[in-house]
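Q: So that we are looking at the same thing, I have put the structure below in structure tokens.
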Amino acid sequence: MTSPSSRHVLIAGAGIGGLTLACALRRAGVRATVFERAEALRPVGAGIIVQMNAAVALRRIGLCDAVVAEGERAEDSRILDTTGARITGVDVRSVQEELDAPMVSIHRARLQAVLRAHAGPEETVRLGVSVTGFQDDGARVTVSLSDGGTVCGDVLVGADGLHSAVRAGLLGARPTRYSGYTSWRGVCPASDLVKAGHFTETWGPGARFGIVPIGHGEVYWYATLNAPQGAQDAPGQTLAILQERFAGWHAPIARVLAATPPERVLRTDIHDRPPVRSWSRGRVTLLGDAAHPMTPNLGQGGCQAIEDGVVLGECLTAPGGVEDALKAYESRRVRRANALVVMSWRMGRLAQWESPAARFVRDALFRRVPESAARRQLQTLVQGLR
């Protein structure tokens with residue numbers, strides 16, 4: 001049996017979860033190698049809200065302050081109707097003070113840069129090569145790489161996203177589940193249009209629009225729309241399509257869209273997978289979207305990947321064998337993450353309603369929910385982290 005300090009952990013994927021795990025392992029003095037198919041970790045992507053539960057997890061590996069410094073602290077979060085009237089919301093600042101935990105919005109590239117800076121020396125992350133398969137002989141794991149090479153290690157962690165090759169080898173190839181709606185995400189220099197620290201999501205018929213300031217003078221926005229799977233925008237028409245679809249919605253939506261460079265808009269169909277009871281076998285496990293991909297309706301996808309990375313790092317550096325470590329990881333993570341997959345799916349279905357009568361009743365009910373209920377949900381997320 002190898003001691004935790006002498007283990008070599010192989011990580012497929014240098015996304016948020018994979019890099020968080022690498023940071024946790026480095027802090028404990030355990031060697032990790034991350035394999036990333038991208039040729040470079042470029043500053044692309046959109047924004048993410050590092051919610052309080054994820055910030056608490058990052059604090060356990062000494063990275064919370066570094067992430068907060070690169071983003072923008074939340075003050076208030078609201079759901080609005082298309083006129084800008086409040087449906088529901090929560091005073092996030094007071095909850096942060098109560099729980100001594102920050103909520104911060106940040107560009108994904110800046111979050112990734114913070115994590116990469118603390119993940120280890122340059123050779124920790126091997127770019128331009130991905131894990132394509134593996135063999136677990138009970139004593140070691142041998143991974144096959146896209147460049148034709150192989151590498152041996154003590155543990156393999158699939159952090160390679162929704163279409164994970166490690167997951168396919170572990171659980172078999174299974175289709176993803178389409179949510180029924182597509183999404184657009186963008187970043188623009190529009191901080192003068194949005195009040196600092198104020199996050200909003202607007203609900204309309206079969207569509208939503210979110211606006212989140214992310215610091216550094218930038219605003220992250222996202223839009224969803226009920227649409228057939230696989231539909232695409234005509235080349236060069238994305239912003240025009242969005243401007244037409246969200247015309248008449250409250251300010252500053254039109255101005256945010258107008259301020260967005262076309263090359264900074266991404267379109268992605270929204271998928272998840274039905275939860276599974278186990279993510280591990282032998283010396284191989286999964287984390288993040290490879291383990292429990294979820295729709296973005298609770299803002300917990302990246303946050304749960306962060307929690308996975310921190311908790312798995314704690315389990316792999318505790319005394320005991322690898323299989324015991326992975327069992328402990330599952331016992332701490334499976335139920336919590338799977339519950340959020342289910343909740344997020346249901347929230348998305350509700351938020352995407354098109355019927356005027358159904359939306360009227362939904363909005364009326366949400367307006368009657370006291371703010372204390374939303375505060376309790378945030379508290380539960382923080383206090384439920386193990």
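Each chain of the structure tokens is named A, B, ... in the order shown, its residues numbered from 1; ligands are numbered from 1 in display order.
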Residues near Arg367 of chain A, anyone? I mean within 10 Å using only C-alpha atoms, not counting same-chain ones fewer than 3 positions away, as a VMD selection string.
A: chain A and resid 79 86 to 89 361 to 364 370 to 371
Q: As a PyMOL selection string, please: all residues of segment 89-277 of chain A that backbone DSSP puts in strand (DSSP E).
A: chain A and resi 89-90+104-107+125-127+131-136+141-145+150-153+155-158+177-188+198-204+207-215+218-226+265-272
Q: Just to be explicit: take each residue in the selection above, keep C-alpha atoms, and write the result as a compact mmCIF listing (two decimals), in the first residue's frame.
A:
```
# COMPACT_ATOMS: atom_id res chain seq x y z
CA GLY A 89 -34.55 38.02 -4.17
CA VAL A 90 -32.17 38.03 -1.26
CA VAL A 104 -17.99 36.41 -5.68
CA SER A 105 -18.58 36.63 -9.41
CA ILE A 106 -15.52 36.21 -11.61
CA HIS A 107 -14.51 35.58 -15.19
CA VAL A 125 -0.28 20.46 -16.35
CA ARG A 126 0.44 18.77 -19.67
CA LEU A 127 -1.30 20.69 -22.44
CA VAL A 131 -6.76 10.81 -21.59
CA THR A 132 -8.41 8.42 -24.05
CA GLY A 133 -8.58 5.26 -21.93
CA PHE A 134 -7.21 3.44 -18.90
CA GLN A 135 -6.34 0.06 -17.40
CA ASP A 136 -6.60 -0.57 -13.67
CA VAL A 141 -3.61 2.69 -13.20
CA THR A 142 -2.18 3.04 -16.69
CA VAL A 143 -3.73 5.75 -18.83
CA SER A 144 -3.62 5.94 -22.61
CA LEU A 145 -3.04 9.41 -24.04
CA THR A 150 0.95 5.98 -21.63
CA VAL A 151 1.48 7.08 -18.03
CA CYS A 152 1.15 5.08 -14.80
CA GLY A 153 -0.14 6.40 -11.52
CA VAL A 155 -5.19 7.03 -8.98
CA LEU A 156 -7.01 8.34 -12.06
CA VAL A 157 -9.56 11.14 -11.66
CA GLY A 158 -11.84 11.94 -14.57
CA ARG A 177 -30.17 14.55 -21.42
CA TYR A 178 -31.24 17.69 -23.30
CA SER A 179 -33.03 20.23 -21.13
CA GLY A 180 -35.25 21.64 -23.87
CA TYR A 181 -33.52 25.03 -23.94
CA THR A 182 -30.35 26.50 -25.33
CA SER A 183 -28.15 29.26 -23.90
CA TRP A 184 -25.98 32.16 -24.92
CA ARG A 185 -23.25 33.65 -22.73
CA GLY A 186 -21.27 36.81 -23.21
CA VAL A 187 -18.92 39.27 -21.54
CA CYS A 188 -18.82 42.99 -22.23
CA HIS A 198 -26.14 43.36 -8.02
CA PHE A 199 -27.02 40.14 -9.82
CA THR A 200 -30.30 39.79 -11.71
CA GLU A 201 -32.12 37.11 -13.66
CA THR A 202 -35.21 38.07 -15.64
CA TRP A 203 -37.95 35.57 -16.43
CA GLY A 204 -40.04 35.84 -19.59
CA ALA A 207 -36.73 32.68 -21.95
CA ARG A 208 -34.46 34.21 -19.32
CA PHE A 209 -31.75 36.86 -19.21
CA GLY A 210 -29.14 37.16 -16.46
CA ILE A 211 -26.74 40.03 -15.76
CA VAL A 212 -23.76 39.63 -13.42
CA PRO A 213 -20.92 42.14 -12.92
CA ILE A 214 -17.65 40.21 -12.64
CA GLY A 215 -15.12 42.89 -11.74
CA GLU A 218 -16.73 43.69 -17.10
CA VAL A 219 -20.24 42.29 -17.04
CA TYR A 220 -21.17 38.67 -17.68
CA TRP A 221 -24.60 37.98 -19.14
CA TYR A 222 -26.47 34.86 -20.14
CA ALA A 223 -29.69 34.13 -21.95
CA THR A 224 -31.80 30.97 -22.31
CA LEU A 225 -34.53 30.13 -24.80
CA ASN A 226 -36.68 27.07 -25.39
CA VAL A 265 -20.67 35.35 -27.32
CA LEU A 266 -20.93 31.58 -26.88
CA ARG A 267 -23.98 29.43 -27.66
CA THR A 268 -24.43 26.10 -25.87
CA ASP A 269 -27.34 23.70 -25.65
CA ILE A 270 -28.01 22.83 -22.00
CA HIS A 271 -27.58 19.17 -21.05
CA ASP A 272 -27.15 17.14 -17.92
```
Q: Counting only C-alpha atoms, what is within 10 Å of Ser344 of chain A, bar same-chain residues fewer than 4 positions away, as a list in words?
A: Asp272, Met294, Thr295, Pro296, Asn297, Leu298, Gly299, Gln300, Gly301, Asn338, Ala339, Leu340, Gly348, Arg349 and Leu350 of chain A
Q: Considering only C-alpha atoms, return as a list of chain:residue names whatever protein or nucleic-acid residues lie within 10 Å of Gly384 of chain A, sequence-local ones (same chain, fewer than 5 positions apart) excluded.
A: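 With the cut-off at 10 Å, the set is A:Asn53, A:Arg336, A:Leu378, A:Gln379.
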Q: Write the residues of the preceding selection, restricted to N, CA and C atoms, as an mmCIF file, in the first residue's frame.
A:
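Resulting contents of selection23.cif:
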```cif
data_model
loop_
_atom_site.group_PDB
_atom_site.id
_atom_site.type_symbol
_atom_site.label_atom_id
_atom_site.label_comp_id
_atom_site.auth_asym_id
_atom_site.auth_seq_id
_atom_site.Cartn_x
_atom_site.Cartn_y
_atom_site.Cartn_z
ATOM 1 N N ASN A 53 -20.797 28.375 -0.600
ATOM 2 C CA ASN A 53 -20.334 27.018 -0.284
ATOM 3 C C ASN A 53 -19.009 26.711 -0.966
ATOM 4 N N ARG A 336 -25.177 14.715 -1.924
ATOM 5 C CA ARG A 336 -25.286 16.179 -2.006
ATOM 6 C C ARG A 336 -25.313 16.650 -3.462
ATOM 7 N N LEU A 378 -29.307 29.268 1.139
ATOM 8 C CA LEU A 378 -27.883 29.584 1.093
ATOM 9 C C LEU A 378 -27.175 29.042 2.343
ATOM 10 N N GLN A 379 -27.806 29.191 3.471
ATOM 11 C CA GLN A 379 -27.220 28.675 4.718
ATOM 12 C C GLN A 379 -27.046 27.159 4.665
#
```
Q: Using only C-alpha atoms, which residue out of A:Gly217, A:Arg140, A:Val310, A:Ala38 lies closest to Arg59 of chain A?
A: A:Val310
Q: My list of candidates is A:Arg116, A:His163, A:Arg110, A:Arg386. Which is closest to Val34 of chain A when distances are computed with only C-alpha atoms?
A: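 Checking each candidate against Val34 of chain A, we get A:Arg116 as the closest.
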Q: Distance atom CA of Arg333 of chain A-atom CA of Asp154 of chain A, one decimal place?
A: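 Separating atom CA of Arg333 of chain A from atom CA of Asp154 of chain A is a distance of 21.2 Å.
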Q: I'd like to know which of A:Gln112, A:Thr20, A:Thr317, A:Ser164 is closest to Ser130 of chain A, using only C-alpha atoms.
A: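 Smallest separation from Ser130 of chain A among the options: A:Ser164.
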Q: Can you pull out every residue from segment 29-145 of chain A that DSSP, working from the backbone, puts in helix (DSSP H, G or I), and format the result as a ChimeraX atom specification?
A: /A:52-60,64-69,92-99,108-118,122-124
Q: Restricting the calculation to only C-alpha atoms: of A:Leu170, A:Val9, A:Ala234, A:Ala305, which residue gets closest to Arg281 of chain A?
A: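 Closest to Arg281 of chain A of all the choices is A:Leu170.
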Q: Counting only C-alpha atoms, what is within 8 Å of Ala22 of chain A, bar same-chain residues fewer than 2 positions away, as an MDAnalysis selection string?
A: chainID A and resid 11 18:20 24:26 32:34 119:120 309 313
Q: With only C-alpha atoms as the atoms that count, which of A:Pro356, A:His216, A:Gly282, A:Leu193 lies nearest to Val256 of chain A?
A: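 Of A:Pro356, A:His216, A:Gly282, A:Leu193, the one nearest Val256 of chain A, counting only C-alpha atoms, is A:Leu193.
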Q: Considering only C-alpha atoms, return as a compact mmCIF listing (two decimals) with all heavy atoms, in the first residue's frame whatever protein or nucleic-acid residues lie within 10 Å of Ala66 of chain A, sequence-local ones (same chain, fewer than 5 positions apart) excluded.
A:
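Listed below is the output, selection_17.txt:
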```txt
# COMPACT_ATOMS: atom_id res chain seq x y z
N LEU A 58 -12.89 26.55 -0.97
CA LEU A 58 -11.61 27.13 -1.38
C LEU A 58 -10.81 27.63 -0.18
O LEU A 58 -9.58 27.57 -0.16
CB LEU A 58 -11.85 28.27 -2.36
CG LEU A 58 -12.29 27.85 -3.77
CD1 LEU A 58 -12.73 29.07 -4.57
CD2 LEU A 58 -11.18 27.10 -4.51
N ARG A 59 -11.50 28.11 0.83
CA ARG A 59 -10.81 28.56 2.04
C ARG A 59 -10.06 27.41 2.70
O ARG A 59 -8.99 27.61 3.30
CB ARG A 59 -11.83 29.18 3.00
CG ARG A 59 -11.21 29.80 4.25
CD ARG A 59 -12.31 30.41 5.11
NE ARG A 59 -12.83 31.64 4.54
CZ ARG A 59 -14.01 32.18 4.86
NH1 ARG A 59 -14.79 31.57 5.74
NH2 ARG A 59 -14.39 33.31 4.31
N GLY A 71 -12.36 38.93 -8.48
CA GLY A 71 -13.74 39.04 -8.91
C GLY A 71 -14.45 40.19 -8.23
O GLY A 71 -13.84 41.19 -7.85
N LEU A 111 -10.55 32.87 -12.77
CA LEU A 111 -10.60 31.80 -11.77
C LEU A 111 -9.64 30.69 -12.15
O LEU A 111 -8.88 30.19 -11.29
CB LEU A 111 -12.03 31.26 -11.67
CG LEU A 111 -12.23 30.03 -10.78
CD1 LEU A 111 -11.77 30.29 -9.35
CD2 LEU A 111 -13.68 29.58 -10.80
N VAL A 114 -6.05 31.70 -11.37
CA VAL A 114 -5.72 31.59 -9.95
C VAL A 114 -5.41 30.14 -9.59
O VAL A 114 -4.41 29.85 -8.91
CB VAL A 114 -6.87 32.15 -9.07
CG1 VAL A 114 -6.62 31.82 -7.60
CG2 VAL A 114 -7.01 33.65 -9.26
N LEU A 115 -6.28 29.25 -10.03
CA LEU A 115 -6.08 27.83 -9.71
C LEU A 115 -4.80 27.30 -10.34
O LEU A 115 -4.04 26.57 -9.69
CB LEU A 115 -7.30 27.03 -10.18
CG LEU A 115 -8.63 27.35 -9.50
CD1 LEU A 115 -9.77 26.61 -10.18
CD2 LEU A 115 -8.59 27.02 -8.01
```
Q: Can you work out the spacing between atom CA of Val30 of chain A and atom CA of Met52 of chain A in Å, to one decimal?
A: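 It comes out at 26.9 Å.
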Q: For a test of reading the model, state the distance in Å between atom CA of Gln51 of chain A and atom CA of Trp279 of chain A, rounded to one decimal.
A: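 One can read the atom CA of Gln51 of chain A to atom CA of Trp279 of chain A distance as 24.1 Å.
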Q: Do a neighbour search on Ile306 of chain A at 8 Å with only C-alpha atoms, toss out local chain neighbours closer than 2 positions, and write the hits as a PyMOL selection string.
A: chain A and resi 16-17+20-21+54+57-58+288+302-304+308-310
Q: Let me make sure I understand: among A:Val166, A:Gly248, A:Pro262, A:Ala173, which one has the smallest atom-to-atom distance to Pro235 of chain A if we use only C-alpha atoms?
A: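 Between A:Val166, A:Gly248, A:Pro262, A:Ala173, the residue approaching Pro235 of chain A most closely is A:Pro262.
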